There are 2 protein chains.
Amino acid sequence: MSNPKQIPLMERIVALCKRRGFVFQSSEIYGGINGFWDYGPAGAQLKRNIKQAWWKDVVTSRTDVVGLDASIIMHPRVWEASGHVTGFKDPMVECHRCKGRWRADQLPETKCPEGGPHEYSEAREFNLMFETHTGALRDEGSKTYLRPETAQGIFAQFQNVLSVSRQKVPFGIAQIGKAFRNEINPRNFTFRSREFEQMELEFFIKPGTDAEWHRRWVDERLAWYASIGLPAEKLSIYEYPEAELAHYASACLDVMFEFPFGVQELEGIAARGNFDLGQHQQFSGKSMEYFDDEQKQRYLPHVIEPSAGVDRIALALICAAYDEERVVDSQGKEETRVVMRFAPRIAPVTVAVFPLLRNKPPLIEKARAVFNLLQQYVITEWDDRGNIGKRYRYQDELGTPWCVTIDFETLGEKGPELKDTVTLRDRDTMQQERIKIDDLVEWVTSRLS
Amino acid sequence: MSNPKQIPLMERIVALCKRRGFVFQSSEIYGGINGFWDYGPAGAQLKRNIKQAWWKDVVTSRTDVVGLDASIIMHPRVWEASGHVTGFKDPMVECHRCKGRWRADQLPETKCPEGGPHEYSEAREFNLMFETHTGALRDEGSKTYLRPETAQGIFAQFQNVLSVSRQKVPFGIAQIGKAFRNEINPRNFTFRSREFEQMELEFFIKPGTDAEWHRRWVDERLAWYASIGLPAEKLSIYEYPEAELAHYASACLDVMFEFPFGVQELEGIAARGNFDLGQHQQFSGKSMEYFDDEQKQRYLPHVIEPSAGVDRIALALICAAYDEERVVDSQGKEETRVVMRFAPRIAPVTVAVFPLLRNKPPLIEKARAVFNLLQQYVITEWDDRGNIGKRYRYQDELGTPWCVTIDFETLGEKGPELKDTVTLRDRDTMQQERIKIDDLVEWVTSRLS
């Protein structure tokens with residue numbers, strides 16, 4: 001909490017996340033479980049939209065990237081090769097009196113609940129990988145891990161993917177999936193949690209082209225964040241000085257976002273050299289080399305790794321979208337409107353369809369037809385409860401860009417010229433216009449890119 | 001392996017899965033890990049297509065189902081309430097001599113590697129949930145589980161979702177996600193694995209309407225399997241006789257598929273009464289009741305649960321699609337063509353785009369334009385390697401319904417009437433036709449439903 005003045009805003013955002021079904025505490029009915037979160041209807045769709053946008057832009061719209069979906073539990077040697085078994089540790093201290101545990105570099109400012117200051121133990125190393133046992137025995141030989149990152153599944157399958165994909169270096173392998181880190185202190189809502197989802201690309205290149213490709217991927221990724229609607233003024237980059245780089249890395253840059261709780265990382269883009277392929281080659285005894293059939297030479301490709309967190313991007317989008325404004329309602333009363341200003345491409349619901357009244361079968365039938373039409377193209381929600389003003393406010397809090405109301409005009413009861421038109425209301429301007437049902441799909445889909 | 005004559009077919013399917021990047025053994029470079037599989041580029045896209053089809057048909061195209069994305073690790077009380085801690089066990093025996101382990105009801109027919117028959121121990125109960133520890137301590141109090149099904153996340157969040165979604169009973173909550181079962185004997189390729197993905201719907205209904213809603217969901221789900229291209233003659237249903245039903249269930253039916261290794265379950269559709277909500281109400285002390293504001297009554301909803309396995313459906317689609325035929329090649333030589341006859345809606349690649357030659361910039365440029373056009377609408381693959389006949393065979397084995405070749409006719413070099421037309425080749429008939437680039441998108445997208 002770097003800026004105490006901002007705490008109330010973050011609390012209001014967290015409240016909206018629960019109220020509108022973006023995020024719930026996991027296992028809430030049992031008191032919750034620290035570091036785990038569930039996504040409600042709006043949050044689940046928001047995450048799907050983020051992942052689909054990434055998959056389309058990083059994988060299917062390109063000719064030089066292919067997909068992979070590797071398992072979460074892998075052979076434990078993978079994590080010896082990657083360095084996680086020996087190196088993926090945080091220093092942890094315990095208070096002798098209250099038994100609280102913290103990262104040694106993140107000690108609390110609070111007093112010990114037992115009275116007075118905490119009495120810290122010596123720091124000891126704590127490995128952040130979740131352990132389990134695979135098979136019927138529980139011993140050292142059956143110990144496996146929940147992957148702490150998806151990347152190693154890509155490196156381990158490098159030769160298989162290369163041989164099936166008809167790709168040549170430079171090319172990339174991309175993956176989306178869950179990863180797990182047993183954080184000592186999960187914090188900042190969903191930002192630092194113990195279970196999270198990653199979108200990782202390993203882009204394999206010829207040695208010596210690292211700086212050029214690193215720059216290209218930084219540009220690509222920054223353009224992508226703009227394309228999903230994150231405002232430029234809240235984005236920044238942090239370039240690692242050489243002293244902070246891992247010994248094998250030639251460059252690393254973090255894409256940062258200004259959250260209400262501070263400026264934090266969304267994605268790391270690292271030039272990792274051939275460290276990972278080299279480690280797996282050494283530990284497995286299998287060649288990880290690539291044969292360049294034009295230059296007739298064999299080498300270990302280097303890699304550029306843009307590694308993004310889905311949950312962090314979702315939280316950034318939620319924080320960026322959250323807005324409150326004073327408006328005057330239909331009775332002339334001033335009130336606060338909470339509105340989530342998601343880009344239409346990423347909003348959990350693209351269009352909400354309202355029959356004006358729920359007890360008029362002709363309205364319902366016509367509204368169903370509009371719903372059935374729109375849902376083939378965009379995420380469409382049906383809402384027939386309460387008055388239209390309340391439905392607008394509900395959809396504003398979901399971030400639905402457009403609401404479409406089927407009313408008596410639509411049925412032709414107010415004259416033939418308005419028959420088969422609907423009221424389309426814009427989330428941001430709150431302006432309404434009449435639009436022909438026949439024009440709806442084109443009107444909406446043309447505004448999604 | 002119920003029919004030994006079929007074993008070679010399954011082996012040929014497994015070989016194709018590796019050769020064309022559908023499925024790899026997880027951690028293959030380290031000798032693999034039993035019960036875990038990775039999906040290569042084609043398999044990852046096939047799974048995405050299955051999940052997207054299910055999400056669209058079960059969630060977004062309906063007005064009475066909403067989505068959820070709950071965490072894999074939940075509070076351990078969830079699994080006490082659900083009955084998994086005490087009841088999710090298989091009987092296991094061990095051979096005293098070779099130390100092999102088997103499910104007591106699935107003993108091997110092979111001899112003991114130590115010579116002679118196996119010497120089995122008494123059967124003991126083995127819980128199939130993977131265990132781990134959450135937080136810095138490793139004791140009974142920190143023990144958590146990898147979820148063995150996604151369903152309980154839905155039940156635990158029933159009230160939260162109900163309150164945010166503006167839904168009324170009957171309505172459903174749907175979820176797609178990974179689940180884990182520490183199977184004693186993983187087998188039948190990806191069919192019975194230790195890590196798998198589920199697509200589960202809990203459809204909440206008024207007590208007394210169970211039989212009607214169970215029938216409706218059975219019909220819906222069978223129609224869905226037809227819509228993704230599983231042939232009716234390989235699908236069947238198994239209806240549980242009353243003696244096989246769980247005590248709380250009023251009906252259960254499995255959708256079965258005829259795999260090469262036998263007829264096996266793809267999806268279970270159960271009428272589970274109010275067992276799950278009732279258990280969570282009891283264990284959490286939180287009301288799971290629903291208030292019906294029309295009939296002014298409060299009750300625990302009953303539930304219909306269609307629960308499908310993504311990996312099993314992927315495997316069924318692969319097995320159903322696999323075909324071999326004798327064809328005559330362009331030189332008049334007879335050969336075997338392996339072709340994956342996926343429905344276009346589900347195929348990992350919808351259209352492959354070929355520039356006739358890779359060293360002619362005008363062909364490449366035009367082919368890029370066609371690729372960029374098509375990839376906005378369908379999964380498009382670029383292939384510029386080898387002769388066109390080989391590219392066709394490669395795409396046949398991927399199951400790509402259509403290949404589009406950009407040739408000198410396209411450039412207008414063979415006369416103005418063929419300018420801006422391409423050769424479109426059909427996977428199943430192997431027929432080729434000329435089609436205008438301007439008509440391509442409509443031609444392809446109209447054939448996807």
# chains A, B, ... in the order shown; residues from 1 in each chain; ligands from 1
>>> select_by_dssp(residues="region 185-409 of chain A", states="helix (DSSP H, G or I)", output="PyMOL selection string")
chain A and resi 210-227+232-234+242-244+275-284+310-321+361-374+388-398
>>> closest_atom_pairs(of="chain B", to="chain A", cutoff="6 Å", atoms="only C-alpha atoms", output="Markdown table")
| residue | atom | partner | partner_atom | distance |
| --- | --- | --- | --- | --- |
| B:Arg20 | CA | A:Val164 | CA | 5.5 |
| B:Gly21 | CA | A:Val164 | CA | 5.5 |
| B:Ser27 | CA | A:His75 | CA | 5.7 |
| B:Ile29 | CA | A:Ser284 | CA | 5.9 |
| B:Tyr30 | CA | A:Ser284 | CA | 5.7 |
| B:Ile33 | CA | A:His75 | CA | 5.6 |
| B:Asp38 | CA | A:Ala70 | CA | 4.1 |
| B:Tyr39 | CA | A:Asp69 | CA | 4.9 |
| B:Gly40 | CA | A:Leu68 | CA | 4.9 |
| B:Pro41 | CA | A:Gly67 | CA | 4.6 |
| B:Ala44 | CA | A:Asp69 | CA | 5.4 |
| B:Ser61 | CA | A:Gln375 | CA | 5.7 |
| B:Thr63 | CA | A:Trp382 | CA | 5.8 |
| B:Val66 | CA | A:Pro41 | CA | 5.7 |
| B:Gly67 | CA | A:Pro41 | CA | 4.6 |
| B:Leu68 | CA | A:Gly40 | CA | 4.9 |
| B:Asp69 | CA | A:Tyr39 | CA | 4.9 |
| B:Ala70 | CA | A:Asp38 | CA | 4.1 |
| B:Ser71 | CA | A:Asp38 | CA | 5.6 |
| B:Met74 | CA | A:Ser27 | CA | 6.0 |
| B:His75 | CA | A:Ile33 | CA | 5.6 |
| B:Glu131 | CA | A:Thr132 | CA | 5.7 |
| B:Thr132 | CA | A:Thr132 | CA | 5.1 |
| B:Val164 | CA | A:Arg20 | CA | 5.5 |
| B:Ser284 | CA | A:Tyr30 | CA | 5.7 |
| B:Gln375 | CA | A:Ser61 | CA | 5.7 |
| B:Trp382 | CA | A:Thr63 | CA | 5.8 |
>>> residues_around(residues="region 328-338 of chain B", least_positions_apart="6", cutoff="9 Å", atoms="only C-alpha atoms", output="list in words")
Leu16, Tyr322, Gly389, Arg393, Asp396 and Glu397 of chain B
>>> atom_distance(atom1="CA of Pro8 (chain A)", atom2="CA of His118 (chain A)")
28.0 Å
>>> closest_atom_pairs(of="region 256-373 of chain A", to="region 222-236 of chain A", cutoff="6 Å", atoms="only C-alpha atoms", output="CSV")
residue,atom,partner,partner_atom,distance
A:Met256,CA,A:Ser236,CA,5.0
A:Phe257,CA,A:Leu235,CA,4.7
A:Glu258,CA,A:Lys234,CA,5.0
A:Ala343,CA,A:Gly229,CA,5.2
>>> closest_residue(among="B:Val263, B:Gly116, B:Leu315, B:Ala347", to="Ala53 (chain B)", atoms="only C-alpha atoms")
B:Ala347
>>> atom_distance(atom1="CA of Arg312 (chain A)", atom2="CA of Thr190 (chain A)")
7.2 Å
>>> atom_distance(atom1="CA of Ser193 (chain A)", atom2="CA of Asp311 (chain A)")
9.0 Å
>>> select_by_dssp(residues="region 121-151 of chain B", states="strand (DSSP E or B)", output="VMD selection string")
chain B and resid 124 to 127 131 to 133 143 to 146
>>> write_last_selection(atoms="C-alpha atoms", output="short mmCIF file (atom, residue, chain, number, x, y, z; two decimals), in the first residue's frame")
data_model
loop_
_atom_site.label_atom_id
_atom_site.label_comp_id
_atom_site.auth_asym_id
_atom_site.auth_seq_id
_atom_site.Cartn_x
_atom_site.Cartn_y
_atom_site.Cartn_z
CA ARG B 124 -6.32 -51.31 0.85
CA GLU B 125 -8.14 -48.06 0.24
CA PHE B 126 -6.28 -45.42 -1.73
CA ASN B 127 -7.60 -41.84 -1.91
CA GLU B 131 -2.49 -33.60 -1.68
CA THR B 132 -0.32 -30.56 -1.17
CA HIS B 133 0.34 -28.01 1.55
CA LYS B 143 -3.11 -29.85 3.88
CA THR B 144 -5.04 -28.96 0.74
CA TYR B 145 -6.08 -30.90 -2.35
CA LEU B 146 -6.01 -30.47 -6.10
#
>>> residues_around(residues="region 244-250 of chain B", least_positions_apart="5", cutoff="8 Å", atoms="only C-alpha atoms", output="list in words")
Asp210, Ala211, Ala270, Ala271, Arg272, Gly273, Asn274 and Phe275 of chain B
>>> write_last_selection(atoms="N, CA, C and O atoms", output="short mmCIF file (atom, residue, chain, number, x, y, z; two decimals), in the first residue's frame")
data_model
loop_
_atom_site.label_atom_id
_atom_site.label_comp_id
_atom_site.auth_asym_id
_atom_site.auth_seq_id
_atom_site.Cartn_x
_atom_site.Cartn_y
_atom_site.Cartn_z
N ASP B 210 -37.12 -32.81 -11.59
CA ASP B 210 -35.86 -33.48 -11.93
C ASP B 210 -35.95 -34.31 -13.20
O ASP B 210 -35.06 -34.24 -14.07
N ALA B 211 -37.00 -35.14 -13.28
CA ALA B 211 -37.08 -36.07 -14.42
C ALA B 211 -37.18 -35.30 -15.74
O ALA B 211 -36.50 -35.61 -16.72
N ALA B 270 -26.24 -36.48 -14.56
CA ALA B 270 -26.85 -37.01 -13.34
C ALA B 270 -27.88 -36.04 -12.77
O ALA B 270 -27.68 -34.83 -12.82
N ALA B 271 -28.96 -36.61 -12.23
CA ALA B 271 -29.91 -35.84 -11.42
C ALA B 271 -29.52 -36.10 -9.98
O ALA B 271 -29.79 -37.18 -9.44
N ARG B 272 -28.85 -35.11 -9.35
CA ARG B 272 -28.22 -35.33 -8.04
C ARG B 272 -29.06 -34.84 -6.88
O ARG B 272 -28.56 -34.76 -5.74
N GLY B 273 -30.32 -34.45 -7.13
CA GLY B 273 -31.15 -33.96 -6.04
C GLY B 273 -30.53 -32.73 -5.41
O GLY B 273 -29.92 -31.91 -6.10
N ASN B 274 -30.65 -32.59 -4.09
CA ASN B 274 -30.04 -31.43 -3.42
C ASN B 274 -28.85 -31.85 -2.56
O ASN B 274 -28.46 -31.13 -1.63
N PHE B 275 -28.28 -33.01 -2.88
CA PHE B 275 -27.21 -33.56 -2.04
C PHE B 275 -26.07 -32.57 -1.83
O PHE B 275 -25.67 -32.28 -0.69
#
>>> residues_around(residues="Gly172 (chain A)", least_positions_apart="3", cutoff="6 Å", atoms="only C-alpha atoms", output="PyMOL selection string")
chain A and resi 65+202-204
>>> write_last_selection(atoms="N, CA, C and O atoms", output="short mmCIF file (atom, residue, chain, number, x, y, z; two decimals), in the first residue's frame")
data_model
loop_
_atom_site.label_atom_id
_atom_site.label_comp_id
_atom_site.auth_asym_id
_atom_site.auth_seq_id
_atom_site.Cartn_x
_atom_site.Cartn_y
_atom_site.Cartn_z
N VAL A 65 4.18 -18.27 -35.04
CA VAL A 65 3.99 -18.73 -33.66
C VAL A 65 2.96 -19.86 -33.66
O VAL A 65 1.93 -19.76 -34.33
N GLU A 202 7.58 -18.27 -25.91
CA GLU A 202 9.03 -18.43 -26.08
C GLU A 202 9.30 -18.28 -27.56
O GLU A 202 8.85 -19.11 -28.36
N PHE A 203 9.99 -17.21 -27.91
CA PHE A 203 10.26 -16.93 -29.32
C PHE A 203 11.73 -17.24 -29.59
O PHE A 203 12.62 -16.56 -29.08
N PHE A 204 11.96 -18.29 -30.38
CA PHE A 204 13.32 -18.81 -30.59
C PHE A 204 13.99 -18.10 -31.76
O PHE A 204 13.39 -17.97 -32.84
#
>>> closest_residue(among="B:Ile304, B:Ala179, B:Val351, B:Ile406", to="Leu418 (chain B)", atoms="only C-alpha atoms")
B:Ile406
>>> residues_around(residues="Thr209 (chain B)", least_positions_apart="3", cutoff="10 Å", atoms="only C-alpha atoms", output="JSON list (two decimals) with N, CA and C atoms, in the first residue's frame")
[["chain", "number", "residue", "atom", "x", "y", "z"],
["B", 170, "PRO", "N", -35.40, -22.06, -12.81],
["B", 170, "PRO", "CA", -34.23, -22.87, -13.17],
["B", 170, "PRO", "C", -33.15, -22.07, -13.88],
["B", 205, "ILE", "N", -32.68, -26.54, -10.29],
["B", 205, "ILE", "CA", -34.09, -26.65, -10.64],
["B", 205, "ILE", "C", -34.95, -26.76, -9.39],
["B", 206, "LYS", "N", -36.24, -26.59, -9.60],
["B", 206, "LYS", "CA", -37.19, -26.73, -8.51],
["B", 206, "LYS", "C", -37.38, -28.22, -8.21],
["B", 212, "GLU", "N", -38.01, -34.25, -15.73],
["B", 212, "GLU", "CA", -38.20, -33.47, -16.95],
["B", 212, "GLU", "C", -36.90, -32.78, -17.37],
["B", 213, "TRP", "N", -36.23, -32.13, -16.42],
["B", 213, "TRP", "CA", -35.00, -31.42, -16.77],
["B", 213, "TRP", "C", -33.85, -32.37, -17.11],
["B", 214, "HIS", "N", -33.83, -33.52, -16.46],
["B", 214, "HIS", "CA", -32.81, -34.51, -16.82],
["B", 214, "HIS", "C", -32.97, -34.92, -18.27],
["B", 302, "HIS", "N", -32.75, -28.53, -6.48],
["B", 302, "HIS", "CA", -32.14, -29.77, -6.97],
["B", 302, "HIS", "C", -31.25, -29.42, -8.15],
["B", 303, "VAL", "N", -30.46, -30.40, -8.59],
["B", 303, "VAL", "CA", -29.51, -30.06, -9.65],
["B", 303, "VAL", "C", -29.41, -31.19, -10.69]]
>>> residues_around(residues="Phe291 (chain A)", least_positions_apart="6", cutoff="10 Å", atoms="only C-alpha atoms", output="compact mmCIF listing (two decimals) with all heavy atoms, in the first residue's frame")
# COMPACT_ATOMS: atom_id res chain seq x y z
N LYS A 168 10.63 -22.66 -38.97
CA LYS A 168 12.08 -22.45 -38.92
C LYS A 168 12.36 -21.29 -37.98
O LYS A 168 11.56 -20.37 -37.87
CB LYS A 168 12.61 -22.08 -40.30
CG LYS A 168 12.49 -23.18 -41.32
CD LYS A 168 13.05 -22.72 -42.66
CE LYS A 168 13.14 -23.91 -43.59
NZ LYS A 168 14.16 -23.71 -44.63
N VAL A 169 13.52 -21.33 -37.34
CA VAL A 169 13.94 -20.19 -36.53
C VAL A 169 14.08 -18.96 -37.43
O VAL A 169 14.64 -19.08 -38.52
CB VAL A 169 15.29 -20.52 -35.84
CG1 VAL A 169 15.90 -19.28 -35.19
CG2 VAL A 169 15.10 -21.64 -34.81
N GLN A 297 24.28 -24.93 -40.50
CA GLN A 297 24.94 -24.93 -39.20
C GLN A 297 23.94 -25.31 -38.11
O GLN A 297 22.73 -25.19 -38.28
CB GLN A 297 25.58 -23.57 -38.90
CG GLN A 297 24.59 -22.43 -38.79
CD GLN A 297 25.26 -21.12 -38.42
OE1 GLN A 297 24.98 -20.07 -38.96
NE2 GLN A 297 26.17 -21.19 -37.46
N ARG A 298 24.48 -25.81 -37.03
CA ARG A 298 23.70 -26.32 -35.92
C ARG A 298 23.95 -25.41 -34.71
O ARG A 298 25.10 -25.05 -34.45
CB ARG A 298 24.20 -27.75 -35.63
CG ARG A 298 23.27 -28.65 -34.89
CD ARG A 298 23.85 -30.06 -34.83
NE ARG A 298 23.75 -30.74 -36.12
CZ ARG A 298 22.63 -31.30 -36.57
NH1 ARG A 298 21.53 -31.29 -35.84
NH2 ARG A 298 22.61 -31.89 -37.75
N TYR A 299 22.88 -25.01 -34.04
CA TYR A 299 23.09 -24.18 -32.85
C TYR A 299 21.93 -24.33 -31.88
O TYR A 299 20.85 -24.80 -32.25
CB TYR A 299 23.29 -22.71 -33.24
CG TYR A 299 22.15 -22.08 -34.01
CD1 TYR A 299 21.00 -21.63 -33.36
CD2 TYR A 299 22.23 -21.91 -35.41
CE1 TYR A 299 19.96 -21.04 -34.07
CE2 TYR A 299 21.19 -21.32 -36.11
CZ TYR A 299 20.06 -20.89 -35.44
OH TYR A 299 19.03 -20.32 -36.14
N LEU A 300 22.18 -23.92 -30.63
CA LEU A 300 21.12 -23.80 -29.64
C LEU A 300 20.46 -22.44 -29.84
O LEU A 300 21.11 -21.41 -29.67
CB LEU A 300 21.70 -23.82 -28.22
CG LEU A 300 21.83 -25.13 -27.46
CD1 LEU A 300 22.30 -24.85 -26.04
CD2 LEU A 300 20.51 -25.91 -27.43
N PRO A 301 19.17 -22.40 -30.19
CA PRO A 301 18.54 -21.09 -30.37
C PRO A 301 18.55 -20.28 -29.08
O PRO A 301 18.50 -20.84 -27.98
CB PRO A 301 17.10 -21.44 -30.77
CG PRO A 301 17.18 -22.84 -31.28
CD PRO A 301 18.27 -23.51 -30.50
